[in-house]
Amino acid sequence: MARPYDRSLLLILVLLLCCDGVRPILGAGGGGGGEEEFTEELLLKPLPDKKVLAHFHFQSTVPPSDSIGRHHHLFPKAIAQLVKKFHIRELELSFTQGRWNYESWGGSDPMSNINAKAPGVELWTVFDLPPNDIDENWKGLTHALSGIFCSSVNFLESSTAYSAPHWGLRVNSSSMRYGALPREAVCTENLTPWLKLLPCRDKAGLASLLDRPSIYRGYYHSQRLQLFSTGPTGIILDQTLTVVLQPSVQMDNIPNSYDRFLQPNWSIMSMFKKKVTGQCVLAKASTIFIELENSLAAEIEKLGCGESWKNPAFELSVKPDRVIRELNSVEGKSGSTLYEFKVVQYDKYEHLDVGIKWKLPLVWSCPQVPFLASRFLMGSGNERGSIAISLRPTQSLEWFLSDPQRCTVRAVVFQVVPWYVKVYYHTLQIFIDGKPMPVTDVVEKIRVSPSEDKVSPGSLEMMLRFSCVMSSAALTMDFDKGFLHIDEYPPDANQGFDIPSAVISFPDFYSSRSYLEDNSLEQSPLLLKRQKKTVLQSYTEVLLVPLTTPDFSMPYNVITFTCTVLALYFGSLLNALRRRIGEEERLLKSKDPKLVGLIPRILSKLKGRTPESCQSASPSSASSKPASKWLFKVVFVAVVAVLWHFYFNTD
Amino acid sequence: MAVGSLIFRLILIGFSDDLNLGSRPEVATPVTSLRRLAEGYWLRNSSMSPYSGSMYHGSPLLLHVLGPLTIKRVEGLPSHLFCSSIFIIIDFITAMLIRATGQKLMSTNHQSLQRLNLSCVQETMGCTNVGDLASLIFLWNPFTLVTCVGSSTSPIDNLMVVLAIFGACSGLPSLAAFGWVIATHLSLYPAILIIPVILLLGYGPDVPPSKLFLLEKSGESGSDYSSDKTCSKQRSKEGSPIHLFSWRPALCFILWSLIWSSYIFFLSFISLKEFGGLSEMMKKSHGFILNVEDLSPNIGVFWYFFAEVFEFFRSFFLIVFHINILFMLFPLVIRLRHRPCFLAFVYIAIMSMLKSYPSVGDSALYLGLLGLFANELAGDTSANRILSIVSILGSNEVPPGTNMNMAINVKP
């Protein structure tokens, strides 16, 4: 009880002195306390297409400490060692299955902006190291992570798999490495080690809701791990799991035309088949939020219902402990509404089953990214093709911009292509509204690191600037498909090869939410995170490039075939060089005219061996000499073989 | 006829967008592709080494010559027009050089026969003008047409090779050295032409072998050579002509090639000063040719083999395949010592078959040069045999090509 009092006293002291020299004392004081904290939160949000987004957020923090081998009582030791060993400043690892639907699930609110990830595994890390040591640490890190999460993150070790973005992903990130494995399948084997990092695992608290069949049935599943490690704050570990689920529609009443437009009713029980039976005892805070999107909140307000939890439009199954309104700065529009439920009041005997019951059919839309980006392949055949990225402005663009008539928008494209997709960067063409534009007019900044065969992937960072009144923008680049060695093909080569998603960010736009009640929000890392200003970014589709496959079954055929061609060349050329045709002809002419060709000789042999009789005397006398020559050759080869054998055996 | 072929080329260029020959693997190899050159030029312009990435594998000097012509223009004339017109001019120059070489060969042949009092042989056999024949074969060869219209830098390689032979035939060591050095710089393999070029400079162009007289002498007893009887009788008085190797032009050639190669290296060094320097150039151009890193299909035998061969045998087979070219050099020199020009032709033919990234442009060169030996091939049997082998192997190029087509067309 005395500790907070002490600390506040110290704080006052610091404020009074207002001196940097005191800071280490405070730091030491905080570190000496060693207060590791853990919070668990769950945010549920209805989506316009009758789906529900569930976002689990677990945060563990550890204050800074100097000792390396110390024990933690809440914070996972594996992660702390990882951070120390590889000097990680920031890290994000995401395992995603399914694709985030930017059109209907939104993209510009903090929720979707931060949590929408590229399919497969994506890992980026900022190291606190000099540039020469980064690659070495990255390799170690990928191996450690693949061990921790039972995944193939170690495939990112190879230099063909990762790249070093300079400004494409974040501003000024020279010590950053980025890698993605778009084909990695995500399953429980990745979730189990992820849950092991939580102090209560999935035995208690909100994590106990993670019923495997329910969460893997969803449309989108993204499991993330985010690390921040700075000197003064220690290590912050954010573990989030975002799932988009389809609540089962209860057919208890007769479905009429009116009900068809009604949102499905859902509760935690109906979605996860489990109930919240109290919080994890080690958690500092355990909270469940239900968020209503700002356009939905506006819709409800239009109906004349306030922010109460029981109104003509919908009804919550449990009375919320608190209602948090978003402070919307833009022209007095209503912000989103958050209903907060504290899990601490509930236990095994009194379950918390948060749910929502809709009474009126409501139609709303989520705030979208200013430009919807999509990427596709053009061309046919297995030799070449082109990659196209198209950007289409959405209605929300006007919402972002004050003066849509005279403005320009910036977009940063970051794209990594594997080396076997050999992009010709000089063929970059930009079409605005279908008309080709000079590249220099649109591209403000470009950084290309071309791919090197079997060494490094090609990466493209490009800043585009265009007018916001355009109706479409597209950029295309030609590429040749490379040919791999037979060993480099993956097991199912005919399926094709994946090109990781491109990241398109909009540095002019930010996503952030601000809430009225500021002091109480410090309890909730989830809400704190939403208040942070982050640049809007979106991921494009993963591309599937079919490559030509060689005949895997018969390398020997190819080898023998090619060697035959070479032997034919060698043998026949040698023969042509050695033989003296003119002299041979003369020799033949001087001999018996009967023995001209091979075929007549064979024919005569078949007929009755007439020519043999005249020559019978001469070969018998001459045969002794060739025989001795033969014998000599055989003996010579045998001696060489014995010597060879002897020589190598003595080694 | 020659003008007709040029006009035909111009017409084809008009359709080259539809033909899309520049990306055909038969026409453009990773070393000669003009698209890759454009990429290298783009990289260079954006202050990166043209060799960064694995796109460009040619010479840095070509970037300066052809690079500005590859820049895309948004409106106006198509960009490939300039390059293609340059290639037409280059083809024409090559044809003219072949013609001049042929005339030189004919005149020396005539001279030597006259000196041997064998001019009646020429009269009886009926001699065609090989220079015109060879240049027309070269100009109207579909391979040459395709190479010229499809964007590929192999016309420049061919020009340099022909320039070296022409220079050697007409006894100009500086010109021969220039052609040889540039050709070697561009595509490495013409390096082996140093032997025929030195022989050409030392002995002069092709003459009948001294051995022929011995053969003829012994052949006098036979009844077959009745037509040449009078000639042979005259010849036997003269005795065999003595061809001495003249060292002066050969040494001149070596000196000149040293000067030219240092000049080339100097220019490349200036061009690549800010980037990787000469070591990167050697690694990315000649090293790329020797290491066969690119396994994309072409008409040669290397790519499919190295795509399927086991990794631990790779270096062994690389040595075996490359040594195949070198292996036959000296036997051929011994056999064709008296015919350095034909020796050069055989070398070019072997090169174009066994090089790591062959294209039809290489075949176009040796098929064009074939016309130069029309008269000799009518009589000489050993040359005929070698030619037949070359043509057999030329047909051997086809199976890997069909393999490639299978690989490309058969989609899963």
# chains A, B, ... in the order shown; residues from 1 in each chain; ligands from 1
>>> residues_around(residues="Ile86 (chain B)", least_positions_apart="4", cutoff="10 Å", atoms="only C-alpha atoms", output="PyMOL selection string")
chain B and resi 66+69+80-82+90-92+148+155-156
>>> residues_around(residues="Thr440 (chain A)", least_positions_apart="5", cutoff="10 Å", atoms="only C-alpha atoms", output="list in words")
Ile430, Lys445 and Leu464 of chain A
>>> closest_residue(among="B:Trp140, B:Phe302, B:Phe87, B:Phe245", to="chain A", atoms="only C-alpha atoms")
B:Phe302
>>> atom_distance(atom1="CA of Val27 (chain B)", atom2="CA of Gly371 (chain B)")
22.5 Å
>>> residues_around(residues="Asp238 (chain A)", least_positions_apart="6", cutoff="6 Å", atoms="only C-alpha atoms", output="ChimeraX atom specification")
/A:58-59,225-226
>>> write_last_selection(atoms="N, CA, C and O atoms", output="compact mmCIF listing (two decimals), in the first residue's frame")
# COMPACT_ATOMS: atom_id res chain seq x y z
N PHE A 58 -3.75 -9.40 -25.72
CA PHE A 58 -3.08 -9.72 -24.46
C PHE A 58 -1.78 -8.94 -24.43
O PHE A 58 -1.02 -8.96 -25.39
N GLN A 59 -1.56 -8.25 -23.36
CA GLN A 59 -0.33 -7.50 -23.27
C GLN A 59 0.44 -7.89 -22.02
O GLN A 59 -0.11 -7.92 -20.93
N LEU A 225 2.05 -11.31 -33.01
CA LEU A 225 2.91 -11.10 -31.86
C LEU A 225 3.70 -9.84 -32.15
O LEU A 225 4.31 -9.72 -33.20
N GLN A 226 3.62 -8.91 -31.24
CA GLN A 226 4.30 -7.65 -31.47
C GLN A 226 5.15 -7.32 -30.26
O GLN A 226 4.71 -7.46 -29.13
>>> residues_around(residues="Leu370 (chain B)", least_positions_apart="5", cutoff="9 Å", atoms="only C-alpha atoms", output="list in words")
Ala134, Ile137, Phe342, Phe345 and Leu365 of chain B
>>> residues_around(residues="Gly53 (chain B)", least_positions_apart="2", cutoff="12 Å", atoms="only C-alpha atoms", output="PyMOL selection string")
(chain A and resi 418-425+448-459) or (chain B and resi 36+39-40+43-44+48-51+55-57+280+284)
>>> write_last_selection(atoms="C-alpha atoms", output="PDB file, in the first residue's frame")
ATOM      1  CA  PRO A 418      11.098 -13.488 -55.506  1.00  0.00           C
ATOM      2  CA  TRP A 419      14.068 -13.737 -57.838  1.00  0.00           C
ATOM      3  CA  TYR A 420      12.414 -16.141 -60.263  1.00  0.00           C
ATOM      4  CA  VAL A 421      10.018 -13.382 -61.197  1.00  0.00           C
ATOM      5  CA  LYS A 422      12.451 -11.142 -63.033  1.00  0.00           C
ATOM      6  CA  VAL A 423      10.848  -7.752 -63.167  1.00  0.00           C
ATOM      7  CA  TYR A 424      11.922  -5.288 -65.842  1.00  0.00           C
ATOM      8  CA  TYR A 425      11.711  -2.074 -63.905  1.00  0.00           C
ATOM      9  CA  VAL A 448      14.636  -0.387 -56.530  1.00  0.00           C
ATOM     10  CA  SER A 449      16.878  -3.196 -55.487  1.00  0.00           C
ATOM     11  CA  PRO A 450      16.793  -5.583 -58.430  1.00  0.00           C
ATOM     12  CA  SER A 451      16.626  -9.279 -57.800  1.00  0.00           C
ATOM     13  CA  GLU A 452      19.732 -11.336 -58.143  1.00  0.00           C
ATOM     14  CA  ASP A 453      19.395 -14.923 -59.271  1.00  0.00           C
ATOM     15  CA  LYS A 454      19.416 -17.251 -56.286  1.00  0.00           C
ATOM     16  CA  VAL A 455      20.787 -14.512 -54.031  1.00  0.00           C
ATOM     17  CA  SER A 456      18.245 -11.837 -53.237  1.00  0.00           C
ATOM     18  CA  PRO A 457      14.664 -10.918 -54.074  1.00  0.00           C
ATOM     19  CA  GLY A 458      13.760  -7.789 -55.938  1.00  0.00           C
ATOM     20  CA  SER A 459      12.143  -5.074 -53.910  1.00  0.00           C
TER      21      SER A 459
ATOM     22  CA  ARG B  36      17.869  -6.594 -70.623  1.00  0.00           C
ATOM     23  CA  GLU B  39      16.921  -2.558 -68.029  1.00  0.00           C
ATOM     24  CA  GLY B  40      20.658  -2.148 -67.500  1.00  0.00           C
ATOM     25  CA  LEU B  43      19.434   0.959 -63.682  1.00  0.00           C
ATOM     26  CA  ARG B  44      22.476   2.960 -64.708  1.00  0.00           C
ATOM     27  CA  MET B  48      22.713   1.993 -59.792  1.00  0.00           C
ATOM     28  CA  SER B  49      25.240  -0.399 -61.219  1.00  0.00           C
ATOM     29  CA  PRO B  50      23.882  -1.767 -64.527  1.00  0.00           C
ATOM     30  CA  TYR B  51      24.943  -5.168 -63.270  1.00  0.00           C
ATOM     31  CA  MET B  55      19.380  -8.623 -65.659  1.00  0.00           C
ATOM     32  CA  TYR B  56      22.196  -7.243 -67.735  1.00  0.00           C
ATOM     33  CA  HIS B  57      25.183  -9.336 -68.746  1.00  0.00           C
ATOM     34  CA  GLU B 280      31.973  -6.872 -61.226  1.00  0.00           C
ATOM     35  CA  LYS B 284      28.613 -10.556 -64.429  1.00  0.00           C
TER      36      LYS B 284
END
>>> residues_around(residues="Ala250 (chain B)", least_positions_apart="6", cutoff="7 Å", atoms="only C-alpha atoms", output="VMD selection string")
chain B and resid 198 201 to 202
>>> residues_around(residues="Leu303 (chain A)", least_positions_apart="2", cutoff="12 Å", atoms="only C-alpha atoms", output="list in words")
Leu296, Ala297, Ala298, Glu299, Ile300, Glu301, Cys305, Gly306, Glu307, Asn311, Pro312, Ala313, Phe314, Leu360, Pro361 and Leu362 of chain A
>>> select_by_dssp(residues="region 248-484 of chain A", states="helix (DSSP H, G or I)", output="number ranges by chain")
A: 257-260, 268-272, 294-302, 343-345, 396-400, 439-442
>>> closest_residue(among="A:Arg89, A:Lys357, A:His55, A:Arg201", to="Phe228 (chain A)", atoms="only C-alpha atoms")
A:Arg89
